[in-house]
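Worksheet: the structure to be examined is printed underneath.
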Amino acid sequence: MTTGSPAAAAAQAPGRSSRVPVLLSVNAGLPRDVAWEGNTVHTGVWKYPVDGPAMVRRLNIDGDGQGDLAGHGGEMRAVLVYQIDSYRHWQRHFGRDLGYGQFGENLTVDGLPDDEVCIGDRYRIGEAEFEVTQPRVTCYRVGMRLGEPELPALLVSHHRPGFYMRVIAEGHIQAGDEIVKTRTGPGVVTVADTDALLYLPHKDPAKLRLALEIPALSPGWQGSFRDLLQAAESAAAPPVPAGPAWPGFRPLRVTKVVPESETVSSVCLAATDGTELPAAKPGQYLTVRVPGAGQPAPVRSYSLSSVPGAGFYRISVKHEPHGIVSGYLTTKLTAGTDLGAAAPRGDFVLDEDDDGPVLLLSAGIGATPVLAMLHQLAATRSQREVWWLHGARGPREHPLAAEAHHLVASLPHASEHVFYSAATPPERYRMHAQDGRLDKDHLAALGIPAGASAYICGPNAFMTAISDALAGLGIAPARIHTELFGARDRINPGITGATVRPPHQPPGPPGNGPLVTFARSGISTPFPGDKRNVLELAEACDVPTRWSCRTGVCHTCVTPLLTGDITYAPDPLEPPADGQVLICCARPGTEIVLDM
């Protein structure tokens, strides 16, 4: 039977690290729903000591489970290990006793410190054998479990993360079993070093390369390290101009407003001083502040639909039902009006170094960013094989059709395929359109080249279906690129029962802090005094967000800051790049506009 506590073990076994490592406690617990900050979190972080022998299997210990399998569990993270020496450290730090399993670990051990155990080391405990695969995933749940929100950041900064192991041989284990090392990892990269490589600044390229040579390192961490190594090598190369063409917002003058269909108008913008505007990359978008549509001036983002190097910008805007800003831009805006504009941004851009086939796929107003790509291909007289595929209800919902047709005709190796889902036969005949929706069956019939790069824009359901169809036809996922109309998809790990609603003003009385604008979601609201950070405000507004640690460690929540100043509490372990902000620990110091 497992008895005692870490405090008792610490008193009974001073200097234990010089002895043979031993298993102090086996801990297990099934996932449960836990109320947390107004949400329900499905989590398995509540672990408790197990009496007697416990059976270790390939994916788990009997009686144990994980609530979020995207970040925890699975073959490479079957068992989490934490050390009694780290328990002593945190008991001193927090001034409280802590029972076994409170760090979410399956195995509480005496010995195996993070700064000595290496990735790839193997250990036999009782009948089972294990291999070390990665440090603990930095996650908010361990802070939730102990009631210490900053704990995920502290685990990294104090170099005490703990580690995961995979199961090499199944078998029974129990408290009191000795831990015997059976093999040393090939790269001699410790758990603490591996954790620091991912989460702390000043990455060492040599250590990244060494870590990538360790077969036992989990695939997820290998992918992160490959990205970090590529970034480090790029930073060592000659500097390349990057970042937005200007900071914040600058005035741009409307030169003309051109109706493109019953619901879509193009707005052309130029510099107020008559100089040429910096070239945008094909596929980027423009964020505009529109004073004439309301006060405070609302902010929206629209894809650029013009030739990237034309010296002016063009956005093509669809008048959405009840859309205050889109309605103003398409029906009331006149030439000579000044709008505020942030510099072109966005990563959904045409790779011009690629000379293979390119697929430009869109639905509805999603044609605008891929139309800019088509303009660029035509302007450079590209010899690439170009496929233009577009879906709409019919010709009245097909703006810029003649422009796209002309561009396709100007390219020597291009083809056009248009699909109308609700058009008459004469309408389809006039536009050379096929009947039905652009879908996987049509793509299969067209004979799409498997080596092509695809750029897809349209409603989320369309992009998901087309992406899956292209992958099924043999196009590598890395070659499939998508762009969202509005804010980014919500990725709130472990939150259950949440209803996805359109973004809205936060509940309760208005705040009295600086104005916060979520540009893609079309929400502007004063920062409330009861919110600790911008992430909490975004959640209160149902603005789609990405996050994981909630303490400035993992950078999952990194978001472009278009204008304004922020302060951090707590300070992130590694600051984001210029023009970016970690919303999980950021508060507005002035009025801010975020690209979300």
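By order in the structure tokens, chains are A, B, ...; within a chain, residues start at 1; ligands start at 1, following the order shown.
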
>> Would you pick out the contacts of Asp121 in chain A at 12 Å or less, using only C-alpha atoms, so that residues sharing its chain but fewer than 6 positions from it are not included, and give the list as a list in words?
In response: Leu112, Asp114, Glu129, Phe130, Glu131, Val132, Thr133, Gln134, Phe163, Tyr164, Met165, Arg166, Ile168, Val180, Lys181, Thr182, Arg183, Thr184, Gly185, Pro186, Gly187, Val188, Val189, Thr190, Val191, Ile214, Pro215, Ala216 and Leu217 of chain A

>> Please extract the residues of range 228-372 of chain A with a backbone DSSP assignment of strand (DSSP E or B) and present them as a ChimeraX atom specification.
In response: /A:249-259,264-271,285-289,299-304,313-318,338-342,345,358-363

> Which one of A:Asn460, A:Ala310, A:Pro514, A:Ala401 sits closest to Ala279 in chain A if you count only C-alpha atoms?
Replying inline: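 Closest candidate: A:Ala310.
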
> Just asking: which residues within range 371-400 of chain A are alpha helix (DSSP H) according to DSSP, as a list in words?
Replying inline: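 So the alpha helix (DSSP H) residues in range 371-400 of chain A would be Leu371, Ala372, Met373, Leu374, His375, Gln376, Leu377, Ala378 and Ala379 of chain A.
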
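Checking A:Ala78, A:Val543, A:Leu562, A:Ile179 one by one against Arg19 in chain A, counting only C-alpha atoms, you find the shortest gap at A:Ile179.
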
>> Would you pick out the contacts of Glu127 in chain A at 7 Å or less, using only C-alpha atoms, so that residues sharing its chain but fewer than 5 positions from it are not included, and give the list as a ChimeraX atom specification?
In response: /A:171-173

>> Residues near Arg587 in chain A, anyone? I mean within 6 Å using only C-alpha atoms, not counting same-chain ones fewer than 4 positions away, as a ChimeraX atom specification.
In response: /A:533-534,566-567

>> Just want the 7 Å neighbourhood of range 244-255 of chain A, counted on only C-alpha atoms, with same-chain residues fewer than 4 positions away dropped. Output as a VMD selection string.
In response: chain A and resid 267 to 272 278 335 to 345 562 to 563

For the residues selected in the previous step, produce a file with C-alpha atoms as a short mmCIF file (atom, residue, chain, number, x, y, z; two decimals), in the first residue's frame.
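As written to disk, result.cif reads:
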data_model
loop_
_atom_site.label_atom_id
_atom_site.label_comp_id
_atom_site.auth_asym_id
_atom_site.auth_seq_id
_atom_site.Cartn_x
_atom_site.Cartn_y
_atom_site.Cartn_z
CA VAL A 267 -12.80 49.91 -53.05
CA CYS A 268 -9.56 51.33 -54.46
CA LEU A 269 -7.20 53.04 -52.02
CA ALA A 270 -4.15 55.20 -52.62
CA ALA A 271 -1.63 57.15 -50.53
CA THR A 272 -2.86 60.60 -49.59
CA PRO A 278 4.33 49.38 -50.88
CA ALA A 335 -14.23 58.76 -53.66
CA GLY A 336 -12.15 61.25 -51.69
CA THR A 337 -12.94 59.72 -48.29
CA ASP A 338 -9.97 58.83 -46.08
CA LEU A 339 -9.84 55.50 -44.27
CA GLY A 340 -7.25 54.39 -41.74
CA ALA A 341 -5.33 51.32 -42.85
CA ALA A 342 -2.78 49.02 -41.27
CA ALA A 343 -0.07 47.65 -43.54
CA PRO A 344 -0.87 44.47 -45.51
CA ARG A 345 -0.49 41.34 -43.43
CA LEU A 562 -1.79 46.20 -35.22
CA THR A 563 -1.52 49.25 -33.01
#

>> Just the number, please: distance in Å from CA of Cys584 in chain A to CA of Arg550 in chain A, one decimal.
In response: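 Computing the Euclidean distance for CA of Cys584 in chain A and CA of Arg550 in chain A yields 5.0 Å.
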
>> Give me, as a count of residues only, all polymer residues having an atom no more than 10 Å from Trp90 in chain A, counting only C-alpha atoms and skipping those fewer than 3 positions away in the same chain.
In response: 15

> What lies within 9 Å of Pro503 in chain A using only C-alpha atoms, ignoring chain neighbours under 6 positions off, as a ChimeraX atom specification?
Replying inline: /A:521-523,538,541-544

Generate the output file for the selected residues, C-alpha atoms, as an mmCIF file, in the first residue's frame.
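Below you can see out-v9.cif, which holds the result:
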data_model
loop_
_atom_site.group_PDB
_atom_site.id
_atom_site.type_symbol
_atom_site.label_atom_id
_atom_site.label_comp_id
_atom_site.auth_asym_id
_atom_site.auth_seq_id
_atom_site.Cartn_x
_atom_site.Cartn_y
_atom_site.Cartn_z
ATOM 1 C CA SER A 521 -14.262 39.648 -35.275
ATOM 2 C CA GLY A 522 -15.514 43.225 -35.606
ATOM 3 C CA ILE A 523 -15.682 43.847 -31.841
ATOM 4 C CA ALA A 538 -11.749 37.621 -25.870
ATOM 5 C CA CYS A 541 -16.811 38.196 -26.181
ATOM 6 C CA ASP A 542 -16.727 34.700 -27.757
ATOM 7 C CA VAL A 543 -13.914 35.882 -30.015
ATOM 8 C CA PRO A 544 -12.187 32.723 -31.339
#

> How many Å separate CA of Asp347 in chain A from CA of Trp547 in chain A?
Replying inline: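 That distance, rounded to one decimal, is 19.5 Å.
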
Residues of range 425-512 of chain A that approach range 369-393 of chain A to 10 Å or less, counting only C-alpha atoms: could you list each one with the shortest pair of atoms and its distance in Å to one decimal, rows by chain and increasing residue number, as a Markdown table?
| residue | atom | partner | partner_atom | distance |
| --- | --- | --- | --- | --- |
| A:Ala433 | CA | A:Gly391 | CA | 9.2 |
| A:Gln434 | CA | A:Gly391 | CA | 9.4 |
| A:Asp435 | CA | A:Arg393 | CA | 9.8 |
| A:Gly436 | CA | A:Gly391 | CA | 8.5 |
| A:Arg437 | CA | A:Gly391 | CA | 6.3 |
| A:Leu438 | CA | A:Gly391 | CA | 5.6 |
| A:Asp439 | CA | A:Gly391 | CA | 9.2 |
| A:Leu443 | CA | A:Leu389 | CA | 9.4 |
| A:Ile448 | CA | A:Trp387 | CA | 8.7 |
| A:Pro449 | CA | A:Glu385 | CA | 9.5 |
| A:Ala452 | CA | A:Glu385 | CA | 8.8 |
| A:Ser453 | CA | A:Val386 | CA | 9.9 |
| A:Ala454 | CA | A:Trp387 | CA | 9.3 |
| A:Tyr455 | CA | A:Val370 | CA | 7.0 |
| A:Ile456 | CA | A:Val370 | CA | 7.6 |
| A:Cys457 | CA | A:Val370 | CA | 7.4 |
| A:Gly458 | CA | A:Gly391 | CA | 9.3 |
| A:Phe462 | CA | A:Gly391 | CA | 9.7 |
| A:Glu483 | CA | A:Pro369 | CA | 8.5 |

> Of the candidates A:Arg532, A:Arg479, A:Lys256, A:Arg314, which shows the shortest atom-to-atom distance to Ala280 in chain A, using only C-alpha atoms?
Replying inline: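 That would be A:Arg314, the residue with the smallest distance to Ala280 in chain A.
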